Amino acid sequence: MDPAFRRFAEQCPDAVLVTDADGRIEYVNPVFERMTGYRLADLSGRTPAVLKSGAHEADFYRGLWSALLAGREFRALFVNRRKGGELYYEEKIIRPLLDGAGRVTHFASFGRDATERAQEIGRLERAATHDSLTDLPNRRLFLDRLDLAVRQAARSGDPLTLALLDLDRFRDVNNRYGHLAGDAVLQAVAARSRGCLRETDTVARIGGDEFALILPGADEAQAAAVLGKVVAANAAPVPFEGHAIASGVSIGACSCPRDGREAGELRAHADIAMYQAKQPGGNRLVFFRPA
């Protein structure tokens with residue numbers, strides 16, 4: 001390696017890795033060793049694939065080599081794995097190094113640990129799509145998932161059930177015990193409802209005391225079994241500061257395509273059924289029936 005480049009790399013604030021034209025590692029600088037946990041002796045003669053985390057698809061690496069072999073640099077945010085096994089994010093630039101005849105002799109990468117920034121971006125993205133109190137999907141994400149579920153049901157011909165859930169006498173809870181108690185009830189309903197569902201189902205908080213459930217692939221009979229469990233689970237009192245707060249939910253549901261083929265139509269019909277469920281005192285499930 002050129003002595004001037006080595007001096008530069010030793011003082012560089014970035015993690016530097018150099019391979020030969022075949023992608024075999026020849027050099028890493030001290031910053032790279034500290035960031036990854038690997039010493040040069042661990043890596044010499046190996047390829048940078050030792051850092052792979054499995055987070056990137058094959059197309060990612062095809063794009064990388066397509067750029068480098070065409071003489072262009074490649075920039076990306078990598079999800080790599082340290083020697084100890086933990087994942088980290090790295091902002092990396094990889095450049096082909098050419099000789100006087102324009103032939104590739106080496107590849108050099110320059111990277112910086114971007115783990116904290118990537119995690120903060122992830123937190124911001126989650127805050128935009130999830131309810132802060134219950135950590136459930138919010139109204140925005142619910143609408144996106146419902147549109148997707150309706151389109152998938154239309155393509156596959158599989159059934160789909162949409163349900164709207166409303167807490168019974170929730171205003172009384174806030175008035176009698178205070179808003180912290182109300183928050184505890186909302187969190188309990190979220191956890192209990194989520195515990196009754198499959199991984200493919202969605203429960204979202206879409207309003208103050210209103211939740212929505214999407215059950216893909218479930219016809220009315222299958223959905224009734226699941227939603228009946230949700231009603232039963234939420235009938236148990238919620239403990240809060242020595243009190244046993246009475247709880248209950250009313251659920252209105254409708255089926256696609258029987259009760260509608262569009263998201264807006266399904267929401268309207270589930271809403272009608274939900275208000276019917278609340279009429280005799282709540283704590284029950286009602287499916288939409290025309291007229």
# chains A, B, ... in the order shown; residues from 1 in each chain; ligands from 1
$ residues_around --residues "region 234-236 of chain A" --least-positions-apart "6" --cutoff "7 Å" --atoms "only C-alpha atoms" --output "list in words"
Val189, Arg192, Ser247, Gly248 and Val249 of chain A
$ residues_around --residues "region 116-129 of chain A" --least-positions-apart "6" --cutoff "10 Å" --atoms "only C-alpha atoms" --output "list of chain:residue names"
A:Leu77, A:Val79, A:Tyr88, A:Tyr89, A:Glu90, A:Glu91, A:Asp135, A:Leu136, A:Pro137, A:Asn138, A:Arg139, A:Arg140, A:Leu141, A:Phe142
$ select_by_dssp --residues "region 104-197 of chain A" --states "helix (DSSP H, G or I)" --output "number ranges by chain"
A: 115-129, 139-156, 170-177, 179-195
$ select_by_dssp --residues "region 27-263 of chain A" --states "strand (DSSP E or B)" --output "PyMOL selection string"
chain A and resi 27-28+52+74-81+87-98+104-113+130+137+160-167+202-205+210-216+238-240+243-245+249-256
$ residues_around --residues "Arg169 (chain A)" --least-positions-apart "2" --cutoff "12 Å" --atoms "only C-alpha atoms" --output "PyMOL selection string"
chain A and resi 166-167+171-176+182+185+209+245-250+278-279+281-283
$ closest_residue --among "A:Ala154, A:Ala212, A:Val231, A:Ala15" --to "Lys92 (chain A)" --atoms "only C-alpha atoms"
A:Ala15
$ closest_residue --among "A:Asp113, A:Asp144, A:Glu86, A:Asp59" --to "Met35 (chain A)" --atoms "only C-alpha atoms"
A:Asp113
$ closest_residue --among "A:Ala188, A:Val18, A:Leu164, A:Ala268" --to "Leu227 (chain A)" --atoms "only C-alpha atoms"
A:Leu164
$ closest_residue --among "A:Lys229, A:Thr161, A:Ser132, A:Ala149" --to "Leu186 (chain A)" --atoms "only C-alpha atoms"
A:Ser132
$ residues_around --residues "Arg258 (chain A)" --least-positions-apart "2" --cutoff "10 Å" --atoms "only C-alpha atoms" --output "list in words"
Pro159, Leu160, Thr161, Asp219, Glu220, Cys254, Ser255, Cys256, Gly260, Arg261 and Leu266 of chain A
$ write_last_selection --atoms "N, CA and C atoms" --output "tab-separated table (two decimals), in the first residue's frame"
chain	number	residue	atom	x	y	z
A	159	PRO	N	-62.03	-13.69	2.49
A	159	PRO	CA	-62.86	-12.77	3.28
A	159	PRO	C	-62.01	-11.82	4.12
A	160	LEU	N	-62.65	-10.81	4.64
A	160	LEU	CA	-62.00	-9.81	5.48
A	160	LEU	C	-63.04	-9.27	6.44
A	161	THR	N	-62.67	-9.13	7.70
A	161	THR	CA	-63.59	-8.55	8.68
A	161	THR	C	-62.98	-7.29	9.26
A	219	ASP	N	-63.83	-14.94	7.93
A	219	ASP	CA	-65.24	-14.72	7.62
A	219	ASP	C	-65.98	-14.41	8.92
A	220	GLU	N	-67.32	-14.27	8.85
A	220	GLU	CA	-68.05	-13.84	10.04
A	220	GLU	C	-67.92	-14.85	11.18
A	254	CYS	N	-68.21	-5.84	10.37
A	254	CYS	CA	-68.81	-6.13	9.07
A	254	CYS	C	-67.81	-6.92	8.25
A	255	SER	N	-68.31	-7.57	7.22
A	255	SER	CA	-67.49	-8.47	6.41
A	255	SER	C	-67.35	-7.95	4.98
A	256	CYS	N	-66.19	-8.19	4.43
A	256	CYS	CA	-65.92	-7.89	3.02
A	256	CYS	C	-65.78	-9.23	2.30
A	260	GLY	N	-69.57	-4.79	1.88
A	260	GLY	CA	-68.92	-3.68	1.19
A	260	GLY	C	-67.60	-4.11	0.60
A	261	ARG	N	-67.21	-3.42	-0.47
A	261	ARG	CA	-65.95	-3.74	-1.15
A	261	ARG	C	-64.96	-2.61	-1.09
A	266	LEU	N	-67.00	-0.06	4.35
A	266	LEU	CA	-66.84	-0.99	5.47
A	266	LEU	C	-66.79	-0.24	6.80
